[in-house]
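Trainee: Here you go, work09.cif (mmCIF, C-alpha atoms):
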```
data_start
#
loop_
_atom_site.label_atom_id
_atom_site.label_comp_id
_atom_site.auth_asym_id
_atom_site.auth_seq_id
_atom_site.Cartn_x
_atom_site.Cartn_y
_atom_site.Cartn_z
CA MET A 224 43.89 80.62 7.42
CA ALA A 225 42.14 77.25 7.30
CA THR A 226 42.03 75.29 10.52
CA VAL A 227 43.34 71.72 10.18
CA ARG A 228 41.21 69.17 11.97
CA THR A 229 41.76 65.50 12.64
CA ARG A 230 39.35 62.84 11.37
CA GLU A 231 37.76 62.54 14.84
CA GLN A 232 37.20 66.29 14.91
CA ARG A 233 35.69 66.25 11.44
CA ARG A 234 33.33 63.45 12.52
CA PRO A 235 32.50 64.26 16.13
CA GLY A 236 29.85 61.58 16.54
CA ARG A 237 32.16 58.68 15.75
CA GLY A 238 33.97 56.59 18.33
CA ASP A 239 31.98 57.88 21.29
CA GLY A 240 31.18 55.81 24.38
CA ALA A 241 28.00 54.21 23.05
CA ASP A 242 29.67 53.06 19.82
CA ASP A 243 32.70 51.73 21.71
CA SER A 244 30.50 49.82 24.12
CA GLU A 245 28.45 48.30 21.30
CA ALA A 246 31.55 47.27 19.36
CA ALA A 247 33.16 45.87 22.53
CA ASN A 248 30.05 43.80 23.26
CA ARG A 249 30.05 42.52 19.68
CA ALA A 250 33.71 41.48 19.93
CA LEU A 251 33.06 39.84 23.31
CA GLY A 252 30.03 38.00 21.94
CA LEU A 253 31.93 36.80 18.89
CA GLY A 254 34.82 35.58 21.04
CA ILE A 255 32.49 33.77 23.44
CA GLY A 256 30.46 32.29 20.59
CA TRP A 257 33.48 30.67 19.01
CA THR A 258 34.87 29.61 22.40
CA VAL A 259 31.58 27.84 23.13
CA PHE A 260 31.72 26.16 19.73
CA SER A 261 35.33 25.13 20.40
CA TYR A 262 34.32 23.65 23.77
CA LEU A 263 31.62 21.53 22.14
CA ILE A 264 34.03 20.14 19.54
CA SER A 265 36.94 19.66 21.96
CA GLY A 266 34.78 17.91 24.57
CA MET A 267 33.62 15.36 22.02
CA ALA A 268 37.08 15.00 20.49
CA ALA A 269 38.93 14.67 23.82
CA TYR A 270 36.65 12.13 25.48
CA GLY A 271 35.87 10.43 22.18
CA GLY A 272 39.63 9.99 21.74
CA ILE A 273 40.05 8.69 25.29
CA GLY A 274 37.09 6.33 24.75
CA TRP A 275 38.59 5.12 21.48
CA LEU A 276 41.99 4.44 23.09
CA VAL A 277 40.47 2.61 26.07
CA GLY A 278 38.07 0.76 23.77
CA ARG A 279 40.98 -0.36 21.61
CA ALA A 280 42.83 -1.62 24.67
CA VAL A 281 39.90 -3.56 26.11
CA HIS A 282 38.35 -4.46 22.72
CA VAL A 283 35.05 -2.66 23.37
CA SER A 284 34.34 -0.44 20.37
CA LEU A 285 31.24 1.05 22.04
CA LEU A 286 33.49 3.12 24.32
CA PHE A 287 34.24 5.50 21.43
CA PRO A 288 30.66 6.79 20.94
CA ILE A 289 30.07 6.68 24.70
CA GLY A 290 33.17 8.83 25.18
CA MET A 291 31.90 11.33 22.61
CA VAL A 292 28.52 11.62 24.33
CA VAL A 293 30.17 11.97 27.75
CA GLY A 294 32.53 14.63 26.34
CA LEU A 295 29.61 16.53 24.85
CA ALA A 296 27.76 16.38 28.18
CA ILE A 297 30.87 17.69 30.02
CA SER A 298 31.22 20.53 27.48
CA VAL A 299 27.56 21.53 27.73
CA GLY A 300 27.70 21.44 31.54
CA TRP A 301 30.85 23.50 31.61
CA ILE A 302 29.49 26.06 29.13
CA ILE A 303 26.36 26.51 31.27
CA TYR A 304 28.45 26.82 34.45
CA ARG A 305 30.95 29.23 32.94
CA TYR A 306 28.81 31.42 30.72
CA GLY A 307 25.46 31.12 32.44
CA LYS A 308 26.33 34.02 34.72
CA LEU A 309 26.77 36.31 31.70
CA GLY A 310 23.07 35.84 31.01
CA ASP A 311 22.32 36.51 34.68
CA ALA A 312 24.35 39.71 34.49
CA VAL A 313 22.35 40.87 31.48
CA TYR A 314 19.00 40.18 33.18
CA GLY A 315 20.22 41.51 36.53
CA HIS A 316 19.94 38.49 38.82
CA GLY A 317 21.82 35.40 39.84
CA ASP A 318 24.94 34.78 41.89
CA LYS A 319 28.47 34.80 40.54
CA ARG A 320 29.94 31.40 39.69
CA GLY A 321 32.97 30.12 37.84
CA ASP A 322 34.90 32.51 35.65
CA ASP A 323 34.05 34.34 32.45
CA ARG A 324 37.30 34.38 30.57
CA MET B 9 32.55 30.56 -12.61
CA THR B 10 33.86 27.11 -13.18
CA GLY B 11 37.47 26.14 -12.86
CA ASP B 12 39.64 25.51 -15.87
CA VAL B 13 39.26 21.75 -15.61
CA ALA B 14 35.45 21.89 -15.83
CA ALA B 15 35.45 24.68 -18.38
CA PRO B 16 35.53 22.56 -21.55
CA ALA B 17 32.37 20.62 -20.58
CA VAL B 18 30.36 23.70 -19.74
CA GLY B 19 32.02 26.20 -21.99
CA ALA B 20 31.49 24.08 -25.09
CA GLY B 21 27.96 25.46 -25.09
CA GLY B 22 26.30 22.27 -26.26
CA CYS B 23 25.20 21.01 -22.89
CA HIS B 24 21.59 22.03 -22.41
CA LEU B 25 18.40 20.46 -21.15
CA PHE B 26 17.09 17.78 -23.57
CA SER B 27 20.37 17.85 -25.53
CA GLY B 28 21.29 14.39 -24.35
CA CYS B 29 24.04 15.25 -21.93
CA GLY B 30 23.47 15.34 -18.17
CA PHE B 31 23.74 18.33 -15.88
CA PRO B 32 27.45 19.16 -15.55
CA ALA B 33 27.25 19.54 -11.77
CA PRO B 34 29.97 21.69 -10.28
CA GLY B 35 32.13 19.90 -7.74
CA LEU B 36 35.69 19.61 -6.52
CA GLN B 37 36.91 19.93 -10.10
CA ASN B 38 35.92 23.62 -9.90
CA PHE B 39 38.67 24.13 -7.33
CA ASN B 40 41.45 22.46 -9.32
CA PHE B 41 43.28 24.39 -12.00
CA LYS B 42 45.77 23.53 -14.67
CA PRO B 43 49.15 25.08 -13.90
CA LEU B 44 49.85 28.38 -15.65
CA PHE B 45 53.52 27.44 -15.63
CA THR B 46 55.77 25.00 -13.84
CA VAL B 47 59.08 25.57 -12.09
CA GLY B 48 60.63 22.20 -11.29
CA SER B 49 57.97 20.35 -9.30
CA PHE B 50 56.15 23.58 -8.38
CA ASN B 51 52.96 24.32 -10.30
CA PHE B 52 51.90 27.96 -10.42
CA THR B 53 48.10 28.07 -10.67
CA LYS B 54 45.34 30.66 -10.94
CA PRO B 55 44.58 30.85 -7.16
CA GLU B 56 48.23 31.70 -6.50
CA LEU B 57 48.14 34.39 -9.17
CA VAL B 58 44.94 35.85 -7.68
CA ALA B 59 46.42 35.79 -4.15
CA ILE B 60 49.51 37.67 -5.35
CA LEU B 61 47.29 40.12 -7.21
CA CYS B 62 45.26 40.76 -4.03
CA ALA B 63 48.42 41.29 -1.98
CA VAL B 64 49.78 43.71 -4.59
CA ILE B 65 46.49 45.65 -4.65
CA VAL B 66 46.37 45.95 -0.83
CA ILE B 67 50.03 46.94 -0.53
CA GLY B 68 49.80 49.28 -3.55
CA PHE B 69 46.64 50.98 -2.32
CA PHE B 70 47.91 51.71 1.19
CA TRP B 71 51.33 52.66 -0.18
CA LEU B 72 49.77 55.22 -2.50
CA ALA B 73 47.38 56.44 0.20
CA PHE B 74 49.99 56.97 2.92
CA ALA B 75 53.33 57.36 1.11
CA LYS B 76 53.07 61.13 1.28
CA PRO B 77 50.43 61.87 3.92
CA LYS B 78 49.01 65.36 4.00
CA VAL B 79 47.36 67.21 6.88
CA ILE B 80 44.39 67.87 4.62
CA PRO B 81 43.97 64.45 3.01
CA GLY B 82 43.38 63.88 -0.68
CA ARG B 83 40.80 61.41 -2.01
CA LEU B 84 43.04 58.35 -1.81
CA GLN B 85 44.38 59.20 1.63
CA ASN B 86 40.83 59.88 2.80
CA LEU B 87 39.72 56.45 1.56
CA GLY B 88 42.75 54.79 3.17
CA GLU B 89 42.05 56.59 6.45
CA LEU B 90 38.44 55.43 6.32
CA GLY B 91 39.57 51.82 5.97
CA VAL B 92 42.17 52.04 8.72
CA VAL B 93 39.84 53.89 11.12
CA ALA B 94 37.04 51.38 10.45
CA VAL B 95 39.32 48.47 11.39
CA ARG B 96 40.67 50.39 14.38
CA ASP B 97 37.27 51.42 15.78
CA GLN B 98 35.24 48.31 14.93
CA ILE B 99 37.80 45.55 15.41
CA LEU B 100 40.95 46.60 17.26
CA ARG B 101 39.81 49.04 19.95
CA PRO B 102 36.82 46.99 21.20
CA SER B 103 39.10 44.00 21.88
CA LEU B 104 42.51 45.48 22.64
CA GLY B 105 41.84 49.08 23.60
CA SER B 106 44.22 51.87 22.63
CA LYS B 107 47.22 49.89 23.93
CA GLY B 108 46.75 47.50 21.04
CA ASP B 109 47.31 50.14 18.37
CA LYS B 110 50.68 48.61 17.48
CA TYR B 111 48.77 45.64 16.01
CA LEU B 112 46.75 47.93 13.73
CA GLY B 113 49.03 47.25 10.75
CA LEU B 114 48.59 43.49 11.12
CA LEU B 115 44.82 43.68 11.50
CA VAL B 116 44.34 46.15 8.63
CA SER B 117 46.49 43.97 6.35
CA LEU B 118 44.65 40.81 7.40
CA PHE B 119 41.20 42.33 6.98
CA PHE B 120 41.76 43.86 3.56
CA PHE B 121 43.74 40.93 2.20
CA ILE B 122 41.07 38.42 3.23
CA PHE B 123 38.27 40.69 2.05
CA LEU B 124 39.87 41.19 -1.36
CA CYS B 125 40.66 37.47 -1.73
CA ASN B 126 37.02 36.68 -0.93
CA LEU B 127 35.71 39.39 -3.22
CA MET B 128 37.54 37.87 -6.18
CA GLU B 129 34.75 35.28 -6.51
CA LEU B 130 32.44 38.07 -7.66
CA ILE B 131 34.82 39.75 -10.10
CA PRO B 132 34.14 38.70 -13.72
CA VAL B 133 36.91 36.70 -15.42
CA ILE B 134 38.68 36.02 -12.09
CA GLN B 135 35.63 34.46 -10.40
CA PHE B 136 37.46 32.48 -7.74
CA PRO B 137 37.69 33.10 -3.98
CA VAL B 138 41.27 32.40 -2.95
CA MET B 139 40.18 31.48 0.57
CA SER B 140 38.18 28.53 -0.75
CA ARG B 141 41.52 26.74 -1.05
CA ILE B 142 42.50 25.58 2.42
CA SER B 143 46.22 25.89 1.60
CA PHE B 144 45.81 29.68 1.74
CA VAL B 145 43.79 29.70 4.96
CA VAL B 146 45.96 27.37 7.03
CA PRO B 147 49.14 29.51 6.88
CA MET B 148 47.15 32.60 7.96
CA ALA B 149 45.50 30.78 10.86
CA ALA B 150 48.90 29.29 11.77
CA THR B 151 50.51 32.75 11.73
CA VAL B 152 47.84 34.10 14.09
CA TYR B 153 48.20 30.98 16.29
CA VAL B 154 51.98 31.35 16.58
CA LEU B 155 51.61 35.07 17.23
CA TYR B 156 49.15 34.77 20.10
CA LEU B 157 51.10 31.90 21.66
CA TYR B 158 54.29 33.96 21.43
CA LEU B 159 52.60 37.04 22.92
CA GLY B 160 51.05 34.93 25.68
CA PHE B 161 54.36 33.40 26.72
CA LYS B 162 56.13 36.75 26.41
CA ASN B 163 53.64 38.82 28.42
CA GLN B 164 52.44 36.35 31.01
CA GLY B 165 55.40 33.99 31.21
CA ALA B 166 55.24 30.30 30.32
CA TRP B 167 53.75 29.18 33.65
CA GLY B 168 51.49 32.22 33.98
CA TYR B 169 50.05 31.72 30.49
CA VAL B 170 49.39 28.01 31.01
CA SER B 171 47.98 28.49 34.52
CA ASN B 172 45.70 31.32 33.35
CA MET B 173 44.21 28.90 30.88
CA TRP B 174 42.66 26.90 33.72
CA PRO B 175 39.29 27.91 35.07
CA ARG B 176 39.12 29.47 38.52
CA GLY B 177 36.76 28.80 41.39
CA VAL B 178 35.80 25.23 40.59
CA PRO B 179 36.26 22.09 42.73
CA TRP B 180 39.49 20.20 42.03
CA PRO B 181 37.82 17.06 40.57
CA VAL B 182 36.38 19.32 37.86
CA TYR B 183 39.93 20.36 36.92
CA ILE B 184 40.83 16.76 36.18
CA ILE B 185 37.73 16.35 34.02
CA LEU B 186 38.37 19.61 32.17
CA ILE B 187 42.12 19.22 31.52
CA PRO B 188 41.76 17.26 28.23
CA VAL B 189 38.95 19.53 27.05
CA GLU B 190 40.82 22.76 27.79
CA LEU B 191 44.11 21.53 26.30
CA LEU B 192 42.45 20.36 23.10
CA ARG B 193 40.32 23.49 22.83
CA PHE B 194 43.19 25.91 23.27
CA PHE B 195 45.94 24.24 21.29
CA VAL B 196 44.02 22.48 18.52
CA ILE B 197 40.34 23.38 18.11
CA GLN B 198 40.63 27.17 18.50
CA PRO B 199 43.10 27.69 15.61
CA PHE B 200 41.33 24.96 13.64
CA THR B 201 37.94 26.68 13.83
CA LEU B 202 39.54 30.04 13.04
CA GLY B 203 40.74 28.76 9.67
CA ILE B 204 38.07 26.20 8.82
CA ARG B 205 35.20 28.65 9.19
CA LEU B 206 36.67 31.01 6.60
CA PHE B 207 37.55 28.17 4.24
CA ALA B 208 34.17 26.40 4.56
CA ASN B 209 32.17 29.57 4.00
CA MET B 210 34.08 30.54 0.88
CA PHE B 211 34.11 26.97 -0.46
CA ALA B 212 30.35 26.56 0.01
CA GLY B 213 29.61 30.02 -1.35
CA HIS B 214 31.61 29.45 -4.52
CA LEU B 215 30.00 26.06 -5.05
CA LEU B 216 26.51 27.50 -4.56
CA LEU B 217 27.17 30.32 -6.99
CA SER B 218 28.65 27.86 -9.51
CA ILE B 219 25.64 25.55 -9.26
CA PHE B 220 23.13 28.31 -10.07
CA MET B 221 25.32 29.80 -12.82
CA VAL B 222 25.79 26.43 -14.52
CA ALA B 223 22.10 25.56 -13.99
CA THR B 224 21.02 28.82 -15.63
CA TRP B 225 23.13 28.01 -18.69
CA TYR B 226 22.09 24.34 -18.73
CA LEU B 227 18.35 25.08 -18.51
CA LEU B 228 18.48 27.84 -21.11
CA GLY B 229 16.67 26.84 -24.31
CA LEU B 230 13.37 26.99 -26.17
CA SER B 231 11.58 24.66 -23.78
CA ILE B 232 10.00 24.64 -20.34
CA GLY B 233 13.59 24.84 -19.09
CA LEU B 234 13.58 28.56 -19.93
CA LEU B 235 11.23 29.17 -17.02
CA PHE B 236 13.55 27.35 -14.63
CA ALA B 237 16.55 29.14 -16.13
CA ALA B 238 14.92 32.44 -15.22
CA GLY B 239 14.36 31.18 -11.65
CA SER B 240 17.96 30.05 -11.48
CA ALA B 241 19.15 33.44 -12.76
CA VAL B 242 17.23 35.13 -9.95
CA MET B 243 18.98 32.80 -7.51
CA VAL B 244 22.34 33.79 -9.03
CA LEU B 245 21.56 37.42 -8.23
CA PHE B 246 20.42 36.52 -4.71
CA VAL B 247 23.48 34.35 -3.98
CA PHE B 248 25.72 37.05 -5.50
CA LEU B 249 24.40 39.62 -3.02
CA LEU B 250 24.56 37.10 -0.18
CA GLU B 251 28.19 36.33 -1.03
CA LEU B 252 29.00 40.02 -1.03
CA LEU B 253 27.80 40.16 2.57
CA ILE B 254 29.62 36.94 3.50
CA ASP B 255 32.89 38.20 1.96
CA VAL B 256 32.91 41.19 4.30
CA LEU B 257 31.58 39.22 7.25
CA GLN B 258 34.19 36.47 7.04
CA ALA B 259 37.04 38.97 6.80
CA PHE B 260 35.55 40.81 9.77
CA ILE B 261 35.14 37.65 11.88
CA PHE B 262 38.66 36.37 11.16
CA THR B 263 40.20 39.74 12.06
CA THR B 264 38.01 40.24 15.15
CA LEU B 265 38.87 36.77 16.46
CA THR B 266 42.55 37.50 15.82
CA ALA B 267 42.20 40.67 17.92
CA VAL B 268 40.33 38.77 20.67
CA TYR B 269 43.01 36.04 20.79
CA ILE B 270 45.82 38.63 20.90
CA ALA B 271 43.98 40.42 23.73
CA SER B 272 43.74 37.18 25.71
CA SER B 273 47.49 36.68 25.26
CA LEU B 274 48.45 40.18 26.35
CA GLU B 275 46.75 39.86 29.71
CA ALA B 276 44.96 37.16 31.65
CA GLN B 277 41.20 37.46 31.50
CA HIS B 278 39.14 36.18 34.40
#
```
As a first step, turn the structure in this file into structure tokens.

Mentor:
Amino acid sequence: MATVRTREQRRPGRGDGADDSEAANRALGLGIGWTVFSYLISGMAAYGGIGWLVGRAVHVSLLFPIGMVVGLAISVGWIIYRYGKLGDAVYGHGDKRGDDR
Amino acid sequence: MTGDVAAPAVGAGGCHLFSGCGFPAPGLQNFNFKPLFTVGSFNFTKPELVAILCAVIVIGFFWLAFAKPKVIPGRLQNLGELGVVAVRDQILRPSLGSKGDKYLGLLVSLFFFIFLCNLMELIPVIQFPVMSRISFVVPMAATVYVLYLYLGFKNQGAWGYVSNMWPRGVPWPVYIILIPVELLRFFVIQPFTLGIRLFANMFAGHLLLSIFMVATWYLLGLSIGLLFAAGSAVMVLFVFLLELLIDVLQAFIFTTLTAVYIASSLEAQH
């Protein structure tokens, strides 16, 4: 009588720890990559928007580009603070700072 | 390759190098189609037909594969299992773990629907990627957005979900600086980038492929243009293969990000 095996049993090498870890790292990297990109855009948009509103109120149009640059600087600083420790973890040094959601 | 609106100019066959007419450069007109039929004020166009076709193929394939599952799978069931297991092991499990298996149906449907819609740009006669029309991408991104917001509020509570959004372990003045950035990122930019990336890639890919296809035809003739036509034809082949990779990659990225966003809604990540 033929023995019925599941797909995992027919392909014993698939879905083991190494593969899972690699795929998990890829998903994490993808998520972080797009979060970083979102931070860059949202920093510029948020502070650019605030700069535009304030500039409109006080009739100084220069506040819009200044706001965008400030927002970009805040985003870059925050990205380094928040995700910098992931790099430290990979290379095995550095203290723990911020969070790594 | 070109849309129906541009088709007469290119398809007439008279537009070649040194024939007096300029290069019929592909553009936005390649993405506009004459309605196949009209119901009231609603125009039914080719992209809608292709989208329905893709949905029917995905539903039909998985229906046939799993309608009567056998312990020893047949060819179709085997192929269906391969697809489902690939999405489960490469997309779902790495982000959600085994507890996320209930979202497998959603992710498998999303992946194969997007993949097939993208692949349509390489199928002769059809030759149009549905996802290069933003009206198809926005509802999908919006569905994912509503889903992960709903799951976040349901699993973490309204206050818990919002409070978990804020970074931990930073001085309070930094909170004030980051509030507008975090709010905009989470509620606007994140779903925006999810949809725009897919749309932009497919739009640019279709345009690139159209340009080299039209250029090959335009340069074809008994002149020096023949040499350039050959070069352009090589580029068509290269872009074709590149687009094949991008079609899979974009479906994979959209589905993986959906899984990552669902995972962040199911439990707080610090």

Trainee: I need the residue nearest Cys23 in chain B from this list: B:Phe161, B:Trp174, B:Tyr226, B:Phe220. Use only C-alpha atoms for the distance.

Mentor: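 Closest to Cys23 in chain B of all the choices is B:Tyr226.
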
Trainee: What are the closest atom pairs, with distances in Å to one decimal, for all residues of chain B lying within 10 Å of chain A? Consider only C-alpha atoms, order rows by chain and residue number, and present the result as a tab-separated table.

Mentor:
```
residue	atom	partner	partner_atom	distance
B:Val79	CA	A:Val227	CA	6.9
B:Ile80	CA	A:Val227	CA	6.8
B:Pro81	CA	A:Arg230	CA	9.7
B:Asn86	CA	A:Arg230	CA	9.2
B:Glu89	CA	A:Arg230	CA	8.4
B:Leu90	CA	A:Arg230	CA	9.0
B:Val93	CA	A:Arg230	CA	9.0
B:Ala94	CA	A:Gly238	CA	9.9
B:Arg96	CA	A:Gly238	CA	9.9
B:Asp97	CA	A:Gly238	CA	6.6
B:Gln98	CA	A:Ala246	CA	5.9
B:Ile99	CA	A:Ala250	CA	7.3
B:Leu100	CA	A:Ala250	CA	9.3
B:Arg101	CA	A:Asp243	CA	7.8
B:Pro102	CA	A:Ala247	CA	4.1
B:Ser103	CA	A:Ala247	CA	6.3
B:Leu104	CA	A:Ala247	CA	9.4
B:Gly105	CA	A:Ala247	CA	9.3
B:Asn172	CA	A:Arg324	CA	9.4
B:Met173	CA	A:Arg324	CA	8.8
B:Trp174	CA	A:Arg324	CA	9.7
B:Pro175	CA	A:Asp322	CA	6.4
B:Arg176	CA	A:Asp322	CA	5.9
B:Gly177	CA	A:Gly321	CA	5.4
B:Val178	CA	A:Gly321	CA	6.3
B:Pro179	CA	A:Gly321	CA	10.0
B:Val182	CA	A:Trp301	CA	9.3
B:Ile185	CA	A:Ile297	CA	8.1
B:Leu186	CA	A:Ile297	CA	8.0
B:Ile187	CA	A:Ala269	CA	9.5
B:Pro188	CA	A:Ala269	CA	5.8
B:Val189	CA	A:Gly266	CA	5.1
B:Glu190	CA	A:Ser265	CA	7.7
B:Leu191	CA	A:Ser265	CA	8.6
B:Leu192	CA	A:Ser265	CA	5.7
B:Arg193	CA	A:Ser265	CA	5.2
B:Phe194	CA	A:Ser261	CA	8.4
B:Val196	CA	A:Ser265	CA	8.4
B:Ile197	CA	A:Ser261	CA	5.8
B:Gln198	CA	A:Ser261	CA	6.0
B:Pro199	CA	A:Ser261	CA	9.5
B:Phe200	CA	A:Ser261	CA	9.0
B:Thr201	CA	A:Ser261	CA	7.2
B:Leu202	CA	A:Trp257	CA	8.5
B:Ile261	CA	A:Leu253	CA	7.8
B:Thr264	CA	A:Ala250	CA	6.5
B:Leu265	CA	A:Gly254	CA	6.2
B:Thr266	CA	A:Gly254	CA	9.5
B:Ala267	CA	A:Ala250	CA	8.8
B:Val268	CA	A:Gly254	CA	6.4
B:Tyr269	CA	A:Gly254	CA	8.2
B:Ser272	CA	A:Arg324	CA	8.5
B:Ala276	CA	A:Arg324	CA	8.2
B:Gln277	CA	A:Arg324	CA	5.1
B:His278	CA	A:Arg324	CA	4.6
```

Trainee: Check the smallest atom-to-atom distance from each of B:Gly88, B:Pro132, B:Lys110, B:Leu250 to Trp71 in chain B using all atoms listed in the file, then report the winner.

Mentor: B:Gly88

Trainee: Using the file's own x, y and z axes, what box holds all listed atoms of range 290-309 of chain A with 8 Å on each side, keeping edges along x, y and z, and what are its centre and edge lengths in Å to one decimal, as JSON?

Mentor:
```
{"center_x": 29.3, "center_y": 22.6, "center_z": 28.7, "size_x": 23.7, "size_y": 43.5, "size_z": 28.1}
```

Trainee: Could you check which residues have any atom within 12 Å of (53.2, 33.0, 27.3), counting all atoms listed in the file with coordinates taken straight from the file, and then list them as a PyMOL selection string?

Mentor: chain B and resi 154-173+270+272-276

Trainee: At a cut-off of 9 Å around the point (16.3, 18.9, -24.5) (file coordinates), what residues fall inside when counting all atoms listed in the file? I'd like the answer as a list in words.

Mentor: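 With a cut-off of 9 Å, the residues come to His24, Leu25, Phe26, Ser27, Gly28, Cys29, Leu227, Gly229, Leu230, Ser231 and Gly233 of chain B.
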
Trainee: Only C-alpha atoms, please: the residues just picked out, written as a short mmCIF file (atom, residue, chain, number, x, y, z; two decimals), keeping the file's coordinate frame.

Mentor:
```
data_model
loop_
_atom_site.label_atom_id
_atom_site.label_comp_id
_atom_site.auth_asym_id
_atom_site.auth_seq_id
_atom_site.Cartn_x
_atom_site.Cartn_y
_atom_site.Cartn_z
CA HIS B 24 21.59 22.03 -22.41
CA LEU B 25 18.40 20.46 -21.15
CA PHE B 26 17.09 17.78 -23.57
CA SER B 27 20.37 17.85 -25.53
CA GLY B 28 21.29 14.39 -24.35
CA CYS B 29 24.04 15.25 -21.93
CA LEU B 227 18.35 25.08 -18.51
CA GLY B 229 16.67 26.84 -24.31
CA LEU B 230 13.37 26.99 -26.17
CA SER B 231 11.58 24.66 -23.78
CA GLY B 233 13.59 24.84 -19.09
#
```

Trainee: Give me, as CSV, each residue of range 32-144 of chain B that comes within 8 Å of range 205-208 of chain B, together with its shortest interatomic pair and the distance in Å at one decimal, counting all atoms listed in the file, with rows ordered by chain and rising residue number.

Mentor:
```
residue,atom,partner,partner_atom,distance
B:Met139,CA,B:Phe207,CA,5.6
B:Ser140,CA,B:Phe207,CA,5.0
B:Arg141,CA,B:Phe207,CA,6.8
B:Ile142,CA,B:Phe207,CA,5.9
```

Trainee: Work out how far apart CA of Gly271 in chain A and CA of Phe287 in chain A are and give it in Å to one decimal.

Mentor: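 For CA of Gly271 in chain A relative to CA of Phe287 in chain A, the distance reads 5.2 Å.
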
Trainee: Could you work out how far CA of Asn126 in chain B lies from CA of Phe236 in chain B, giving the answer in Å with one decimal?

Mentor: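 Spanning CA of Phe236 in chain B to CA of Asn126 in chain B is a straight-line distance of 28.7 Å.
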
Trainee: Run the PyMOL selection byres ((chain B and resi 240) around 8) mentally over the shown coordinates, then write out the matched residues as a list in words, using the chain letters and numbers from the document.

Mentor: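 So the PyMOL selection byres ((chain B and resi 240) around 8) ends up selecting Phe220, Met221, Ala223, Thr224, Phe236, Ala237, Ala238, Gly239, Ala241, Val242, Met243 and Val244 of chain B.
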